[in-house]
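Q: Provided herewith: input-v6.txt, compact mmCIF, C-alpha atoms.
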# COMPACT_ATOMS: atom_id res chain seq x y z
CA MET A 1156 106.01 114.05 86.85
CA TYR A 1157 106.06 112.58 90.34
CA GLY A 1158 106.29 114.17 93.75
CA LEU A 1159 107.22 112.96 97.20
CA ALA A 1160 105.87 114.72 100.29
CA ASP A 1161 108.06 113.84 103.27
CA CYS A 1162 107.23 115.16 106.75
CA ASN A 1163 110.24 116.75 108.47
CA ASN A 1164 111.29 114.93 111.66
CA PHE A 1165 107.70 113.73 111.78
CA PHE A 1166 107.32 112.49 115.37
CA VAL A 1167 109.05 115.60 116.70
CA SER A 1168 106.86 117.81 114.50
CA CYS A 1169 103.70 116.16 115.86
CA GLU A 1170 104.73 117.03 119.41
CA ARG A 1171 105.63 120.59 118.41
CA VAL A 1172 102.19 121.22 116.92
CA PHE A 1173 100.81 121.18 120.47
CA ARG A 1174 103.98 122.49 122.11
CA PRO A 1175 105.00 125.50 119.98
CA ASP A 1176 107.34 126.58 122.78
CA LEU A 1177 109.66 123.77 121.57
CA GLU A 1178 110.27 125.34 118.15
CA GLY A 1179 113.99 125.88 117.71
CA LYS A 1180 114.85 123.73 120.73
CA PRO A 1181 116.33 120.21 120.83
CA VAL A 1182 113.67 117.49 121.01
CA ILE A 1183 113.94 113.69 120.90
CA ILE A 1184 111.37 110.88 120.74
CA LEU A 1185 112.06 107.53 122.39
CA SER A 1186 111.13 104.01 121.31
CA ASN A 1187 108.90 101.60 123.19
CA ASN A 1188 109.88 101.36 126.85
CA ASP A 1189 111.83 104.60 126.43
CA GLY A 1190 114.74 102.54 125.18
CA CYS A 1191 116.44 104.52 122.42
CA VAL A 1192 116.05 107.56 120.16
CA ILE A 1193 113.81 107.11 117.10
CA SER A 1194 113.26 110.75 116.07
CA ARG A 1195 115.30 113.93 116.56
CA SER A 1196 114.87 117.60 115.83
CA ASN A 1197 117.59 119.31 113.81
CA GLU A 1198 118.78 120.97 117.02
CA ALA A 1199 119.17 117.55 118.67
CA LYS A 1200 121.07 116.25 115.65
CA ARG A 1201 123.54 119.12 115.98
CA LEU A 1202 124.20 118.03 119.57
CA GLY A 1203 125.45 114.72 118.21
CA ILE A 1204 122.43 112.61 119.18
CA LYS A 1205 122.18 109.65 116.81
CA MET A 1206 119.26 107.49 115.75
CA GLY A 1207 119.10 104.41 117.96
CA HIS A 1208 121.16 106.06 120.69
CA PRO A 1209 120.26 104.44 124.06
CA TYR A 1210 118.42 106.88 126.30
CA PHE A 1211 120.35 106.03 129.45
CA GLN A 1212 123.59 107.10 127.75
CA LEU A 1213 122.17 110.55 126.98
CA GLU A 1214 120.88 111.64 130.37
CA THR A 1215 123.86 113.91 131.14
CA LEU A 1216 123.74 115.56 127.70
CA ILE A 1217 119.95 115.99 127.96
CA LYS A 1218 120.24 117.82 131.27
CA ARG A 1219 123.14 119.98 130.09
CA HIS A 1220 121.33 121.19 126.94
CA ASN A 1221 117.75 121.06 128.25
CA VAL A 1222 116.63 118.56 125.61
CA ALA A 1223 112.88 117.90 125.56
CA VAL A 1224 112.14 114.16 125.78
CA PHE A 1225 108.94 112.36 124.73
CA SER A 1226 107.85 108.73 124.79
CA SER A 1227 106.38 107.37 121.55
CA ASN A 1228 102.75 108.45 121.18
CA PHE A 1229 101.70 106.44 118.15
CA ALA A 1230 98.00 107.24 118.60
CA LEU A 1231 98.84 110.92 118.09
CA TYR A 1232 101.32 110.31 115.27
CA GLY A 1233 98.91 108.05 113.38
CA ASP A 1234 96.11 110.60 113.56
CA MET A 1235 98.37 113.46 112.47
CA SER A 1236 99.59 111.32 109.57
CA ARG A 1237 95.98 110.76 108.51
CA ARG A 1238 95.39 114.54 108.53
CA VAL A 1239 98.44 115.17 106.37
CA GLN A 1240 97.36 112.49 103.91
CA GLN A 1241 93.84 113.92 103.69
CA THR A 1242 95.24 117.34 102.82
CA LEU A 1243 97.51 115.85 100.15
CA LYS A 1244 94.61 113.93 98.63
CA SER A 1245 92.57 117.12 98.39
CA LEU A 1246 95.37 118.83 96.41
CA CYS A 1247 96.72 116.14 94.06
CA PRO A 1248 95.12 114.02 91.32
CA GLU A 1249 96.41 110.83 92.96
CA THR A 1250 98.45 109.95 96.06
CA GLU A 1251 100.22 106.83 97.29
CA VAL A 1252 100.87 106.46 101.02
CA TYR A 1253 104.40 105.11 101.29
CA SER A 1254 104.86 105.29 105.06
CA ILE A 1255 103.50 107.10 108.11
CA ASP A 1256 105.39 110.26 107.08
CA GLU A 1257 105.78 109.93 103.29
CA SER A 1258 103.38 110.00 100.34
CA PHE A 1259 104.05 109.91 96.61
CA LEU A 1260 102.12 112.35 94.43
CA ASN A 1261 101.04 111.66 90.86
CA LEU A 1262 101.21 115.08 89.21
CA ARG A 1263 99.77 114.19 85.82
CA GLY A 1264 97.72 116.97 84.25
CA ILE A 1265 99.72 119.74 85.91
CA GLN A 1266 101.73 121.83 83.44
CA ASP A 1267 105.52 121.70 83.83
CA GLU A 1268 105.79 125.46 84.25
CA GLN A 1269 103.34 125.26 87.18
CA LEU A 1270 105.07 122.47 89.12
CA ASP A 1271 107.52 124.63 91.07
CA ALA A 1272 104.76 126.90 92.36
CA PHE A 1273 102.50 123.90 92.98
CA GLY A 1274 105.14 122.18 95.13
CA HIS A 1275 105.45 125.25 97.33
CA TYR A 1276 101.68 125.56 97.53
CA VAL A 1277 101.38 121.93 98.73
CA SER A 1278 104.08 122.44 101.34
CA ASN A 1279 102.49 125.66 102.64
CA LYS A 1280 98.97 124.21 102.62
CA VAL A 1281 99.93 121.13 104.65
CA ARG A 1282 101.77 123.31 107.18
CA LYS A 1283 98.77 125.65 107.47
CA ASP A 1284 96.14 122.90 107.79
CA THR A 1285 98.01 120.46 110.04
CA GLY A 1286 100.98 122.32 111.53
CA ILE A 1287 103.37 119.70 110.11
CA PRO A 1288 106.31 120.95 107.98
CA ILE A 1289 106.95 118.87 104.88
CA SER A 1290 109.54 118.72 102.11
CA VAL A 1291 108.16 118.20 98.60
CA GLY A 1292 110.44 116.79 95.91
CA ILE A 1293 109.29 116.80 92.28
CA SER A 1294 111.01 115.09 89.35
CA HIS A 1295 110.58 112.69 86.43
CA THR A 1296 110.49 109.46 88.49
CA LYS A 1297 109.73 108.31 92.01
CA THR A 1298 113.41 107.71 92.74
CA LEU A 1299 114.43 111.18 91.57
CA ALA A 1300 111.53 112.74 93.48
CA LYS A 1301 112.77 111.06 96.65
CA ILE A 1302 116.25 112.48 96.05
CA ALA A 1303 114.74 115.94 95.44
CA SER A 1304 112.82 115.69 98.71
CA LYS A 1305 116.01 114.89 100.64
CA LEU A 1306 117.72 117.81 98.92
CA CYS A 1307 114.87 120.04 100.05
CA LYS A 1308 115.46 119.02 103.67
CA GLN A 1309 119.16 119.85 103.42
CA TYR A 1310 118.62 123.35 102.04
CA PRO A 1311 116.08 125.52 103.90
CA LYS A 1312 116.42 128.18 101.16
CA LEU A 1313 114.27 125.94 98.94
CA ARG A 1314 111.34 126.83 101.25
CA GLY A 1315 109.68 123.44 101.37
CA SER A 1316 109.83 122.30 97.74
CA CYS A 1317 112.47 121.25 95.21
CA TYR A 1318 111.57 120.94 91.51
CA MET A 1319 114.43 118.95 89.96
CA HIS A 1320 113.85 118.58 86.22
CA ARG A 1321 116.73 119.98 84.14
CA PRO A 1322 119.28 117.30 83.11
CA GLN A 1323 122.26 119.41 84.19
CA ASP A 1324 120.73 119.97 87.64
CA ILE A 1325 119.94 116.28 88.05
CA GLU A 1326 123.50 115.30 87.13
CA LYS A 1327 124.92 117.84 89.56
CA VAL A 1328 122.84 116.42 92.40
CA LEU A 1329 123.54 112.77 91.55
CA ARG A 1330 127.30 113.38 91.50
CA LYS A 1331 127.16 114.21 95.22
CA PHE A 1332 124.35 111.92 96.34
CA PRO A 1333 125.63 108.92 98.39
CA ILE A 1334 124.82 105.56 96.85
CA GLU A 1335 123.61 104.16 100.20
CA ASP A 1336 120.90 106.85 100.33
CA VAL A 1337 119.41 105.98 96.94
CA TRP A 1338 115.93 104.50 97.28
CA GLY A 1339 115.99 100.80 96.39
CA ILE A 1340 119.74 100.21 96.83
CA GLY A 1341 119.78 98.94 100.39
CA ARG A 1342 122.64 98.10 102.72
CA ARG A 1343 123.78 94.87 101.05
CA PHE A 1344 123.98 96.32 97.55
CA SER A 1345 125.60 99.55 98.75
CA VAL A 1346 128.43 97.55 100.33
CA MET A 1347 128.94 95.63 97.09
CA LEU A 1348 128.87 98.81 94.98
CA LYS A 1349 131.27 100.69 97.24
CA SER A 1350 133.72 97.80 97.03
CA ARG A 1351 133.77 98.51 93.29
CA ASN A 1352 134.32 102.25 93.86
CA ILE A 1353 130.71 103.11 93.01
CA ASN A 1354 130.08 105.70 95.71
CA THR A 1355 127.42 108.03 94.35
CA ALA A 1356 124.14 107.84 92.46
CA PHE A 1357 125.93 109.25 89.42
CA ASP A 1358 128.58 106.50 89.57
CA PHE A 1359 125.80 103.93 89.63
CA ALA A 1360 123.92 105.53 86.73
CA ARG A 1361 127.09 105.38 84.62
CA GLN A 1362 127.44 101.61 85.02
CA PRO A 1363 126.53 99.38 82.05
CA LEU A 1364 123.02 97.99 82.29
CA ASP A 1365 124.37 94.45 81.86
CA PHE A 1366 126.45 94.89 85.03
CA VAL A 1367 123.41 96.09 86.98
CA ARG A 1368 121.28 93.25 85.66
CA GLY A 1369 123.86 90.65 86.56
CA LYS A 1370 124.56 91.92 90.08
CA MET A 1371 121.23 93.40 91.19
CA HIS A 1372 118.61 91.80 88.93
CA VAL A 1373 115.24 93.46 88.24
CA GLY A 1374 115.18 95.74 91.29
CA GLY A 1375 118.56 97.24 90.44
CA MET A 1376 117.54 97.73 86.81
CA ARG A 1377 114.46 99.67 87.87
CA THR A 1378 116.56 101.98 90.02
CA TRP A 1379 119.06 102.43 87.17
CA TYR A 1380 116.30 103.36 84.71
CA GLU A 1381 114.66 105.70 87.23
CA LEU A 1382 117.93 107.57 87.78
CA HIS A 1383 118.00 108.11 84.01
CA GLY A 1384 114.53 109.68 84.18
CA ARG A 1385 112.56 106.68 82.95
CA PRO A 1386 109.64 105.74 85.26
CA CYS A 1387 109.74 102.03 86.12
CA ILE A 1388 108.12 101.86 89.56
CA GLU A 1389 104.36 101.77 89.29
CA PHE A 1390 102.15 104.21 91.13
CA GLU A 1391 99.86 102.48 93.64
CA SER A 1392 96.94 104.60 94.76
CA HIS A 1393 95.80 101.84 97.13
CA LEU A 1394 98.04 100.10 99.62
CA PRO A 1395 98.24 96.34 99.01
CA ASP A 1396 96.87 94.14 101.75
CA LYS A 1397 99.41 92.87 104.23
CA GLN A 1398 100.43 89.23 103.93
CA GLN A 1399 101.46 89.05 107.56
CA ILE A 1400 100.53 90.93 110.73
CA MET A 1401 102.79 90.98 113.76
CA VAL A 1402 102.17 92.62 117.14
CA SER A 1403 105.00 92.40 119.64
CA ARG A 1404 106.35 94.47 122.52
CA SER A 1405 109.18 94.53 125.01
CA PHE A 1406 107.94 94.71 128.60
CA SER A 1407 108.98 97.28 131.18
CA THR A 1408 109.95 94.44 133.52
CA GLU A 1409 110.45 90.73 132.94
CA LEU A 1410 107.33 88.57 133.25
CA SER A 1411 107.69 85.19 134.90
CA THR A 1412 104.11 84.01 135.47
CA LEU A 1413 101.81 82.39 132.95
CA ASP A 1414 98.91 84.67 133.93
CA ASP A 1415 100.90 87.81 133.14
CA LEU A 1416 102.10 86.46 129.81
CA THR A 1417 98.62 85.23 128.91
CA GLN A 1418 97.19 88.71 129.44
CA GLN A 1419 99.80 90.32 127.19
CA ILE A 1420 99.53 87.66 124.47
CA SER A 1421 95.73 88.02 124.52
CA LEU A 1422 96.10 91.77 124.04
CA PHE A 1423 98.56 91.36 121.17
CA THR A 1424 96.29 88.84 119.47
CA SER A 1425 93.29 91.15 119.84
CA MET A 1426 95.24 93.99 118.22
CA ALA A 1427 96.36 91.77 115.35
CA ALA A 1428 92.83 90.42 114.78
CA GLU A 1429 91.45 93.96 114.59
CA LYS A 1430 94.01 94.86 111.92
CA LEU A 1431 93.13 91.66 110.06
CA ARG A 1432 89.43 92.58 109.96
CA LYS A 1433 90.18 96.12 108.80
CA GLN A 1434 91.71 94.78 105.60
CA LYS A 1435 88.82 92.27 105.25
CA SER A 1436 91.06 89.21 105.46
CA VAL A 1437 91.15 85.96 107.40
CA CYS A 1438 94.21 84.00 108.51
CA GLN A 1439 94.97 80.32 108.68
CA ALA A 1440 98.18 80.31 110.72
CA MET A 1441 99.56 81.82 113.91
CA HIS A 1442 103.04 82.09 115.38
CA VAL A 1443 103.53 82.87 119.10
CA PHE A 1444 106.98 83.67 120.49
CA LEU A 1445 108.50 84.53 123.89
CA LEU A 1446 111.99 85.95 124.50
CA THR A 1447 114.14 86.51 127.56
CA ASN A 1448 116.24 89.62 128.15
CA ARG A 1449 119.46 89.22 126.14
CA PHE A 1450 121.11 91.96 128.19
CA ARG A 1451 120.65 90.05 131.45
CA HIS A 1452 123.73 87.85 131.50
CA ASP A 1453 122.86 86.71 135.02
CA GLN A 1454 119.77 84.93 133.73
CA GLU A 1455 119.27 81.93 131.47
CA GLN A 1456 118.69 82.98 127.87
CA HIS A 1457 115.83 81.32 126.05
CA TYR A 1458 113.62 81.73 123.01
CA ASP A 1459 110.32 79.89 122.92
CA ASN A 1460 108.03 79.83 119.90
CA GLN A 1461 105.40 77.71 118.22
CA TYR A 1462 103.70 77.81 114.84
CA VAL A 1463 100.12 76.53 114.71
CA ALA A 1464 97.62 76.13 111.89
CA LEU A 1465 93.94 76.97 112.29
CA HIS A 1466 91.30 74.37 111.56
CA ALA A 1467 89.50 76.94 109.39
CA PRO A 1468 90.39 80.50 108.24
CA SER A 1469 89.29 83.06 110.83
CA ASP A 1470 89.33 86.74 111.82
CA SER A 1471 87.55 86.24 115.14
CA THR A 1472 89.28 87.75 118.16
CA VAL A 1473 87.60 85.18 120.40
CA GLU A 1474 88.83 82.21 118.38
CA LEU A 1475 92.33 83.58 117.79
CA VAL A 1476 92.85 84.60 121.43
CA ASP A 1477 91.76 81.16 122.62
CA LEU A 1478 94.32 79.54 120.30
CA ALA A 1479 97.06 81.99 121.33
CA VAL A 1480 96.42 81.39 125.05
CA ARG A 1481 96.63 77.61 124.63
CA THR A 1482 99.79 77.96 122.55
CA THR A 1483 101.40 80.22 125.16
CA ALA A 1484 100.65 77.71 127.90
CA GLY A 1485 102.33 75.02 125.83
CA ILE A 1486 105.63 76.87 125.36
CA PHE A 1487 105.81 78.69 128.70
CA ARG A 1488 108.66 77.57 130.99
CA GLN A 1489 108.27 77.96 134.72
CA GLY A 1490 111.08 79.99 136.29
CA THR A 1491 111.95 81.79 133.05
CA PHE A 1492 111.88 85.59 132.94
CA TYR A 1493 110.46 86.86 129.64
CA LYS A 1494 111.24 90.36 128.36
CA LYS A 1495 109.42 90.29 125.03
CA ALA A 1496 106.55 88.43 123.40
CA GLY A 1497 104.60 88.60 120.18
CA VAL A 1498 101.99 87.13 117.88
CA ILE A 1499 102.22 86.77 114.09
CA LEU A 1500 99.19 86.03 111.89
CA SER A 1501 99.84 84.69 108.39
CA GLN A 1502 98.44 82.73 105.42
CA PHE A 1503 95.80 85.33 104.58
CA SER A 1504 92.92 85.09 102.18
CA PRO A 1505 90.06 87.49 101.37
CA LYS A 1506 87.17 87.38 103.82
CA ASP A 1507 84.64 87.09 100.97
CA ASN A 1508 86.46 84.20 99.28
CA VAL A 1509 87.04 81.60 101.98
CA GLN A 1510 87.09 77.84 101.50
CA THR A 1511 84.72 76.63 104.22
CA VAL A 1512 85.28 73.52 106.31
CA LEU A 1513 82.62 70.84 106.22
CA PHE A 1514 82.77 69.91 109.90
CA ASP A 1515 83.45 73.37 111.31
CA GLU A 1516 82.60 73.52 115.03
CA VAL A 1517 82.51 77.34 115.12
CA ASP A 1518 79.34 79.32 114.40
CA ARG A 1519 80.89 81.72 111.85
CA ASP A 1520 77.82 83.92 111.47
CA LYS A 1521 77.60 84.41 115.23
CA HIS A 1522 81.29 85.30 115.45
CA ASP A 1523 80.95 87.74 112.53
CA ARG A 1524 78.09 89.56 114.25
CA LEU A 1525 80.01 89.66 117.53
CA MET A 1526 83.15 91.06 115.87
CA PHE A 1527 81.08 93.69 114.05
CA ALA A 1528 79.58 94.81 117.35
CA LEU A 1529 83.00 94.77 119.04
CA ASP A 1530 84.64 96.91 116.36
CA SER A 1531 81.69 99.32 116.15
CA ILE A 1532 81.66 99.98 119.91
CA ASN A 1533 85.44 100.43 120.11
CA GLU A 1534 85.41 102.77 117.12
CA LYS A 1535 82.69 104.97 118.57
CA GLN A 1536 83.54 104.82 122.27
CA GLY A 1537 87.33 104.54 122.11
CA GLN A 1538 89.87 101.78 121.74
CA ARG A 1539 89.54 98.82 124.12
CA THR A 1540 86.17 99.92 125.48
CA VAL A 1541 85.16 96.28 125.02
CA VAL A 1542 87.83 93.57 125.27
CA VAL A 1543 88.10 89.84 125.73
CA ALA A 1544 88.43 89.07 129.43
CA THR A 1545 91.89 87.50 129.22
CA ALA A 1546 93.34 90.72 127.73
CA GLY A 1547 92.12 92.87 130.61
CA PHE A 1548 92.19 96.68 130.66
CA GLU A 1549 95.74 97.18 131.88
CA GLY A 1550 97.24 97.55 128.41
CA VAL A 1551 100.76 96.78 127.28
CA ARG A 1552 103.29 96.80 130.11
CA MET A 1553 105.72 99.41 128.88
CA ASN A 1554 107.72 102.27 130.31
CA ARG A 1555 106.41 105.51 128.86
CA ASN A 1556 107.44 108.05 131.44
CA HIS A 1557 107.50 110.97 128.99
CA LEU A 1558 104.22 110.34 127.18
CA SER A 1559 102.38 113.37 125.83
CA PRO A 1560 98.54 113.57 125.84
CA ASN A 1561 96.49 112.08 122.99
CA TYR A 1562 95.38 115.56 121.95
CA THR A 1563 93.39 114.50 118.87
CA THR A 1564 92.08 111.04 119.77
CA ASP A 1565 90.93 111.25 123.39
CA TRP A 1566 88.38 113.73 124.76
CA ASN A 1567 90.06 113.56 128.14
CA ASP A 1568 93.31 114.82 126.59
CA ILE A 1569 91.91 117.63 124.48
CA LEU A 1570 94.17 120.68 124.47
CA THR A 1571 93.38 123.32 127.07
CA ILE A 1572 94.42 126.95 126.71
CA LYS A 1573 95.01 129.33 129.57
CA VAL A 1574 94.13 132.99 128.94
Show the structure stored in the file as structure tokens.
A:
Amino acid sequence: MYGLADCNNFFVSCERVFRPDLEGKPVIILSNNDGCVISRSNEAKRLGIKMGHPYFQLETLIKRHNVAVFSSNFALYGDMSRRVQQTLKSLCPETEVYSIDESFLNLRGIQDEQLDAFGHYVSNKVRKDTGIPISVGISHTKTLAKIASKLCKQYPKLRGSCYMHRPQDIEKVLRKFPIEDVWGIGRRFSVMLKSRNINTAFDFARQPLDFVRGKMHVGGMRTWYELHGRPCIEFESHLPDKQQIMVSRSFSTELSTLDDLTQQISLFTSMAAEKLRKQKSVCQAMHVFLLTNRFRHDQEQHYDNQYVALHAPSDSTVELVDLAVRTTAGIFRQGTFYKKAGVILSQFSPKDNVQTVLFDEVDRDKHDRLMFALDSINEKQGQRTVVVATAGFEGVRMNRNHLSPNYTTDWNDILTIKV
């Protein structure tokens, strides 16, 4: 049996842990630069607020219904996610982190007659230890467990866990479950299936396997088998290393000077290099891009980018920032107003299995020692305690006018209680 633990309205729930006065009230979380809605409480959903809804279009509704608004606080959300995952790992034989708010559970060794009670125990334990409400779905396959978890969210009477195992119950659920919501189907395939009057998960499961193989290939066949209760998607207890790392942001205001862009690109490159070192990889290629504001019709629209290859594989912030700065200077256009920029690192290989370059001009050992010291200081003293000079200490230029404190990751923001 497999389980899926899915945090309910996760970003909203993280804010409510430290603001219990917001329980039962409408709450929304905004994207970078406070642009649009990326998380909503159930109360906000009932007001008609949609995912991706632009914030400026909601200001009247927000005032009328006293909706609580928060800017994205990913430092807080990431730490709360780690706490949830730690609790799940302490309860289950094996877990697989699927996203920031979802984890699969391998429930081997637990007797079938104990699974319903176990699911409720997991849900209650996570809520007690972290304050985050979760919905646990349990079934024969990952795909069915994901459906059971969604069912749990729809019906509060299930009290945090749904054990979906009897064939007649599974068929009943699949008959009403929209095909576009089935894990692994995706938008393109759902459009194709609906054009053939295949509207539910049950309709899809009834299709001949040859049809699924011909139209959707291996991925579709796995989903088809999983809906029939046959596990086909392997359980991964360790996340695979990323094959590409991108750090990009939209700016609060357009940047038109090379110095301003250089500072932001240096910061993005530093963040990407840190992620690269955490997975013990090196990269051999970099892509830098700059974009203007597509909503400003009074300005010239432009997209500048350049792909560059490194002389030798590297994970050094110093080396990568230097390359990114030179690349930015090469594609920057004077008089252009840039709204977004980013850096992409690619062509990864393991740090301990690198093909060295005979005439390498960089002292790799020295850079490795420097990066170790940099990461150690920033881990102990706080992010960006030590930075490369071109990145500065200003941070990313974003609008975050509704940002909550970093309650769990910054001593200066630790929760205070008035008695």
Q: So which residues touch range 1296-1312 of chain A within 10 Å, counting all atoms listed in the file, skipping near sequence neighbours fewer than 4 positions away, as JSON, numbers by chain?
A: {"A": [1156, 1157, 1158, 1159, 1160, 1161, 1162, 1163, 1164, 1257, 1259, 1260, 1261, 1289, 1290, 1291, 1292, 1316, 1317, 1318, 1319, 1320, 1325, 1328, 1329, 1332, 1336, 1337, 1338, 1339, 1356, 1377, 1378, 1379, 1380, 1381, 1382, 1383, 1384, 1385, 1386, 1387, 1388, 1389, 1390]}
Q: What is the CA of Glu1326 in chain A-CA of Glu1391 in chain A distance in Å, reported with one decimal?
A: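 Pair CA of Glu1326 in chain A / CA of Glu1391 in chain A returns 27.7 Å.
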Q: Tell me, as a list in words, which residues lie within 8 Å of range 1443-1454 of chain A, counting all atoms listed in the file; anything in the same chain fewer than 6 positions away does not count.
A: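 Here the answer would be Glu1409, Asn1460, Gln1461, Tyr1462, Ala1479, Thr1482, Thr1483, Thr1491, Phe1492, Tyr1493, Lys1494, Lys1495, Ala1496, Gly1497, Val1498 and Ile1499 of chain A.
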Q: Which residues of range 1161-1270 of chain A have any atom within 10 Å of an atom in range 1536-1555 of chain A when counting all atoms listed in the file, and what is the closest pair of atoms for each, with the distance in Å to one decimal? Order the rows by chain and rising number and write it as JSON lines.
A:
{"residue": "A:Leu1185", "atom": "CA", "partner": "A:Arg1555", "partner_atom": "CA", "distance": 8.8}
{"residue": "A:Ser1186", "atom": "CA", "partner": "A:Arg1555", "partner_atom": "CA", "distance": 9.0}
{"residue": "A:Asn1187", "atom": "CA", "partner": "A:Met1553", "partner_atom": "CA", "distance": 6.9}
{"residue": "A:Asn1188", "atom": "CA", "partner": "A:Asn1554", "partner_atom": "CA", "distance": 4.2}
{"residue": "A:Asp1189", "atom": "CA", "partner": "A:Arg1555", "partner_atom": "CA", "distance": 6.0}
{"residue": "A:Gly1190", "atom": "CA", "partner": "A:Asn1554", "partner_atom": "CA", "distance": 8.7}
{"residue": "A:Phe1225", "atom": "CA", "partner": "A:Arg1555", "partner_atom": "CA", "distance": 8.4}
{"residue": "A:Ser1226", "atom": "CA", "partner": "A:Arg1555", "partner_atom": "CA", "distance": 5.4}
{"residue": "A:Ser1227", "atom": "CA", "partner": "A:Arg1555", "partner_atom": "CA", "distance": 7.5}
{"residue": "A:Asn1228", "atom": "CA", "partner": "A:Arg1555", "partner_atom": "CA", "distance": 9.0}
Q: Can you measure CA of Gln1489 in chain A to CA of Leu1413 in chain A for me? One decimal in Å is fine.
A: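 Spanning CA of Gln1489 in chain A to CA of Leu1413 in chain A is a straight-line distance of 8.0 Å.
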Q: Please report the interatomic distance between CA of Arg1171 in chain A and CA of Leu1313 in chain A in Å with one decimal.
A: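 Going from CA of Arg1171 in chain A over to CA of Leu1313 in chain A, I get 22.0 Å.
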Q: Residues within 9 Å of (88.6, 88.8, 110.2), file coordinates, counting all atoms listed in the file: what are they? Give the list as a PDB file with C-alpha atoms, in the coordinates of the input.
A:
ATOM      1  CA  ALA A1428      92.830  90.420 114.780  1.00  0.00           C
ATOM      2  CA  GLU A1429      91.450  93.960 114.590  1.00  0.00           C
ATOM      3  CA  LYS A1430      94.010  94.860 111.920  1.00  0.00           C
ATOM      4  CA  LEU A1431      93.130  91.660 110.060  1.00  0.00           C
ATOM      5  CA  ARG A1432      89.430  92.580 109.960  1.00  0.00           C
ATOM      6  CA  LYS A1433      90.180  96.120 108.800  1.00  0.00           C
ATOM      7  CA  GLN A1434      91.710  94.780 105.600  1.00  0.00           C
ATOM      8  CA  LYS A1435      88.820  92.270 105.250  1.00  0.00           C
ATOM      9  CA  SER A1436      91.060  89.210 105.460  1.00  0.00           C
ATOM     10  CA  VAL A1437      91.150  85.960 107.400  1.00  0.00           C
ATOM     11  CA  CYS A1438      94.210  84.000 108.510  1.00  0.00           C
ATOM     12  CA  PRO A1468      90.390  80.500 108.240  1.00  0.00           C
ATOM     13  CA  SER A1469      89.290  83.060 110.830  1.00  0.00           C
ATOM     14  CA  ASP A1470      89.330  86.740 111.820  1.00  0.00           C
ATOM     15  CA  SER A1471      87.550  86.240 115.140  1.00  0.00           C
ATOM     16  CA  THR A1472      89.280  87.750 118.160  1.00  0.00           C
ATOM     17  CA  LYS A1506      87.170  87.380 103.820  1.00  0.00           C
ATOM     18  CA  ASP A1523      80.950  87.740 112.530  1.00  0.00           C
ATOM     19  CA  MET A1526      83.150  91.060 115.870  1.00  0.00           C
TER      20      MET A1526
END
Q: From the list A:His1466, A:Val1192, A:Ile1204, A:Glu1251, which residue is nearest Leu1216 in chain A when using only C-alpha atoms?
A: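 With only C-alpha atoms as the atom set, the closest residue is A:Ile1204.
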Q: From the options A:Met1235, A:Leu1364, A:Cys1191, A:Asn1508, which residue's atoms come nearest to Glu1170 in chain A, counting all atoms listed in the file?
A: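 For Glu1170 in chain A, the nearest of the given residues is A:Met1235.
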Q: With only C-alpha atoms as the atoms that count, which of A:Arg1351, A:Val1476, A:Thr1564, A:Leu1213 lies nearest to Glu1534 in chain A?
A: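 The shortest atom-to-atom distance to Glu1534 in chain A comes from A:Thr1564.
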Q: With all atoms listed in the file as the atoms that count, which of A:Ser1168, A:Thr1355, A:Ser1504, A:Ser1194 lies nearest to Arg1282 in chain A?
A: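 Comparing A:Ser1168, A:Thr1355, A:Ser1504, A:Ser1194 against Arg1282 in chain A, the winner is A:Ser1168.
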Q: Between A:Phe1357, A:Gln1456, A:Tyr1562, A:Arg1342, which has the minimum distance to Lys1327 in chain A (counting all atoms listed in the file)?
A: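 Answer, going by the shortest atom-to-atom distance: A:Phe1357.
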Q: Ranking A:Ile1193, A:Asp1565, A:Val1252, A:Phe1514 by minimum distance to Pro1395 in chain A and counting only C-alpha atoms, which one comes first?
A: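 When distances to Pro1395 in chain A are compared using only C-alpha atoms, the smallest one comes from A:Val1252.
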